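All remarks here apply to the structure that follows.
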Amino acid sequence: MKFRAEITVMPLRALLDPQGKAISASMINLDLPEITNVRVGKHITLDVEAEDQAAADEKVETACKQLLANPIMEYYEYTVRPA
């Protein structure tokens with residue numbers, strides 16, 4: 001079966017996000033001071049061939065842990081659905 005994974009990788013909440021800080025500061029220049037605490041991350045989509053939902057979840061979890069996210073600086077969330 002083919003599955004589609006949607007993965008979001010974000011900086012850990014306890015860490016400074018320089019890109020997010022820069023964007024937050026720029027909101028004032030756009031006359032949008034009510035937009036604050038911007039955090040910048042990555043959104044990844046991928047297709048997975050697997051026997052079932054559990055196997056697809058396991059493959060995505062492995063990819064996140066070993067390649068897509070740095071657990072020292074980032075956390076991730078994902079959903080896996082039939083394609």
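Simple scheme: letters A, B, ... for chains in structure tokens order, numbers from 1 for residues in each chain, numbers from 1 for ligands in the order shown.
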
Leaving out range 36-44 of chain A and any residue of its chain fewer than 6 positions from it, which residues lie within 9 Å of it when counting only C-alpha atoms, given as a list in words?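 With the cut-off at 9 Å, the set is Ala5, Glu6, Ile7, Thr8, Val9, Met10, Pro11, Arg13, Asp17, Pro18, Gln19, Gly20, Lys21, Ala22, Ile23, Ser24, Ala25, Met27, Leu68 and Glu74 of chain A.
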
Please save N, CA, C and O atoms of the selected residues as a short mmCIF file (atom, residue, chain, number, x, y, z; two decimals), in the first residue's frame.
data_model
loop_
_atom_site.label_atom_id
_atom_site.label_comp_id
_atom_site.auth_asym_id
_atom_site.auth_seq_id
_atom_site.Cartn_x
_atom_site.Cartn_y
_atom_site.Cartn_z
N ALA A 5 2.81 10.89 4.03
CA ALA A 5 3.16 11.45 5.34
C ALA A 5 3.31 12.95 5.24
O ALA A 5 3.88 13.46 4.27
N GLU A 6 2.79 13.65 6.23
CA GLU A 6 2.95 15.10 6.38
C GLU A 6 3.71 15.30 7.69
O GLU A 6 3.23 14.92 8.76
N ILE A 7 4.89 15.90 7.60
CA ILE A 7 5.78 16.03 8.75
C ILE A 7 6.08 17.50 9.00
O ILE A 7 6.38 18.24 8.06
N THR A 8 5.99 17.91 10.25
CA THR A 8 6.36 19.26 10.64
C THR A 8 7.53 19.16 11.62
O THR A 8 7.44 18.44 12.62
N VAL A 9 8.61 19.87 11.31
CA VAL A 9 9.79 19.91 12.17
C VAL A 9 9.96 21.34 12.64
O VAL A 9 10.00 22.27 11.83
N MET A 10 10.02 21.53 13.96
CA MET A 10 10.11 22.86 14.55
C MET A 10 11.25 22.92 15.56
O MET A 10 11.60 21.90 16.16
N PRO A 11 11.80 24.12 15.78
CA PRO A 11 12.81 24.26 16.83
C PRO A 11 12.18 23.99 18.20
O PRO A 11 11.00 24.29 18.40
N ARG A 13 10.92 24.50 21.80
CA ARG A 13 10.35 25.73 22.36
C ARG A 13 11.33 26.47 23.28
O ARG A 13 11.28 27.68 23.38
N ASP A 17 14.88 31.05 18.29
CA ASP A 17 14.64 30.85 16.86
C ASP A 17 14.99 32.16 16.15
O ASP A 17 14.15 33.05 16.06
N PRO A 18 16.23 32.32 15.66
CA PRO A 18 16.65 33.58 15.07
C PRO A 18 15.79 34.00 13.87
O PRO A 18 15.47 35.18 13.72
N GLN A 19 15.40 33.05 13.02
CA GLN A 19 14.54 33.39 11.89
C GLN A 19 13.20 33.90 12.37
O GLN A 19 12.68 34.89 11.85
N GLY A 20 12.64 33.23 13.34
CA GLY A 20 11.35 33.66 13.89
C GLY A 20 11.44 35.03 14.52
O GLY A 20 10.54 35.86 14.36
N LYS A 21 12.53 35.29 15.25
CA LYS A 21 12.73 36.61 15.86
C LYS A 21 12.81 37.71 14.81
O LYS A 21 12.23 38.78 14.95
N ALA A 22 13.54 37.44 13.73
CA ALA A 22 13.68 38.43 12.65
C ALA A 22 12.33 38.71 12.00
O ALA A 22 11.99 39.87 11.71
N ILE A 23 11.55 37.66 11.77
CA ILE A 23 10.23 37.86 11.16
C ILE A 23 9.32 38.61 12.11
O ILE A 23 8.59 39.52 11.70
N SER A 24 9.34 38.26 13.39
CA SER A 24 8.53 38.98 14.38
C SER A 24 8.87 40.46 14.38
O SER A 24 7.98 41.32 14.41
N ALA A 25 10.16 40.78 14.35
CA ALA A 25 10.58 42.19 14.35
C ALA A 25 10.12 42.90 13.09
O ALA A 25 9.77 44.08 13.13
N MET A 27 7.41 42.40 11.45
CA MET A 27 5.96 42.61 11.43
C MET A 27 5.60 44.05 11.78
O MET A 27 4.62 44.59 11.28
N LEU A 68 15.48 13.48 9.34
CA LEU A 68 14.71 14.70 9.08
C LEU A 68 14.74 15.71 10.22
O LEU A 68 14.54 16.91 9.98
N GLU A 74 15.40 20.18 17.70
CA GLU A 74 14.09 20.21 17.05
C GLU A 74 13.18 19.10 17.58
O GLU A 74 13.64 18.10 18.10
#

Among range 12-71 of chain A, which residues does DSSP mark as helix (DSSP H, G or I) when it is run on the backbone? Keep the chain and numbering as in the structure and answer as a VMD selection string. chain A and resid 18 to 29 53 to 68

Can you spit out the residues from that selection as a compact mmCIF listing (two decimals), in the first residue's frame, using N, CA and C atoms?
# COMPACT_ATOMS: atom_id res chain seq x y z
N PRO A 18 16.23 32.32 15.66
CA PRO A 18 16.65 33.58 15.07
C PRO A 18 15.79 34.00 13.87
N GLN A 19 15.40 33.05 13.02
CA GLN A 19 14.54 33.39 11.89
C GLN A 19 13.20 33.90 12.37
N GLY A 20 12.64 33.23 13.34
CA GLY A 20 11.35 33.66 13.89
C GLY A 20 11.44 35.03 14.52
N LYS A 21 12.53 35.29 15.25
CA LYS A 21 12.73 36.61 15.86
C LYS A 21 12.81 37.71 14.81
N ALA A 22 13.54 37.44 13.73
CA ALA A 22 13.68 38.43 12.65
C ALA A 22 12.33 38.71 12.00
N ILE A 23 11.55 37.66 11.77
CA ILE A 23 10.23 37.86 11.16
C ILE A 23 9.32 38.61 12.11
N SER A 24 9.34 38.26 13.39
CA SER A 24 8.53 38.98 14.38
C SER A 24 8.87 40.46 14.38
N ALA A 25 10.16 40.78 14.35
CA ALA A 25 10.58 42.19 14.35
C ALA A 25 10.12 42.90 13.09
N SER A 26 10.10 42.21 11.97
CA SER A 26 9.68 42.81 10.70
C SER A 26 8.19 43.06 10.63
N MET A 27 7.41 42.40 11.45
CA MET A 27 5.96 42.61 11.43
C MET A 27 5.60 44.05 11.78
N ILE A 28 6.41 44.68 12.61
CA ILE A 28 6.17 46.09 12.96
C ILE A 28 6.28 46.96 11.72
N ASN A 29 7.27 46.66 10.85
CA ASN A 29 7.43 47.42 9.61
C ASN A 29 6.26 47.24 8.66
N GLN A 53 -0.73 0.46 7.92
CA GLN A 53 -0.57 1.76 8.59
C GLN A 53 0.55 1.72 9.63
N ALA A 54 0.59 0.66 10.43
CA ALA A 54 1.60 0.56 11.48
C ALA A 54 3.01 0.53 10.89
N ALA A 55 3.19 -0.20 9.81
CA ALA A 55 4.52 -0.26 9.18
C ALA A 55 4.89 1.09 8.58
N ALA A 56 3.92 1.80 8.00
CA ALA A 56 4.18 3.13 7.45
C ALA A 56 4.57 4.10 8.56
N ASP A 57 3.84 4.07 9.68
CA ASP A 57 4.17 4.93 10.82
C ASP A 57 5.59 4.65 11.31
N GLU A 58 5.96 3.39 11.39
CA GLU A 58 7.30 3.03 11.87
C GLU A 58 8.39 3.56 10.93
N LYS A 59 8.16 3.47 9.63
CA LYS A 59 9.14 3.97 8.67
C LYS A 59 9.29 5.49 8.76
N VAL A 60 8.17 6.19 8.91
CA VAL A 60 8.22 7.65 9.03
C VAL A 60 8.92 8.05 10.33
N GLU A 61 8.61 7.36 11.41
CA GLU A 61 9.26 7.64 12.69
C GLU A 61 10.78 7.47 12.58
N THR A 62 11.22 6.40 11.93
CA THR A 62 12.64 6.16 11.73
C THR A 62 13.28 7.27 10.90
N ALA A 63 12.61 7.68 9.83
CA ALA A 63 13.14 8.75 8.98
C ALA A 63 13.27 10.05 9.77
N CYS A 64 12.28 10.35 10.60
CA CYS A 64 12.34 11.58 11.40
C CYS A 64 13.48 11.54 12.40
N LYS A 65 13.59 10.44 13.11
CA LYS A 65 14.62 10.31 14.14
C LYS A 65 16.03 10.31 13.57
N GLN A 66 16.23 9.65 12.43
CA GLN A 66 17.58 9.46 11.92
C GLN A 66 18.02 10.48 10.88
N LEU A 67 17.07 11.21 10.27
CA LEU A 67 17.48 12.10 9.19
C LEU A 67 16.78 13.45 9.18
N LEU A 68 15.48 13.48 9.34
CA LEU A 68 14.71 14.70 9.08
C LEU A 68 14.74 15.71 10.22

Separation of CA of Tyr78 in chain A from CA of Leu12 in chain A in Å: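 Value for the CA of Leu12 in chain A-CA of Tyr78 in chain A distance: 15.6 Å.
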
Please return as a ChimeraX atom specification: the residues of chain A that backbone DSSP assigns to strand (DSSP E). /A:2-11,42-49,74-82

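The space separating CA of Thr79 in chain A from CA of Asp47 in chain A comes to 11.7 Å.
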
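Ranking A:Ile35, A:Leu30, A:Ile72, A:Val48 by their shortest atom-to-atom distance to Leu15 in chain A, with only C-alpha atoms included, puts A:Ile72 first.
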
What separation in Å, quoted to one decimal, exists between CA of Glu49 in chain A and CA of Lys2 in chain A?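 Separation of CA of Glu49 in chain A and CA of Lys2 in chain A: 4.6 Å.
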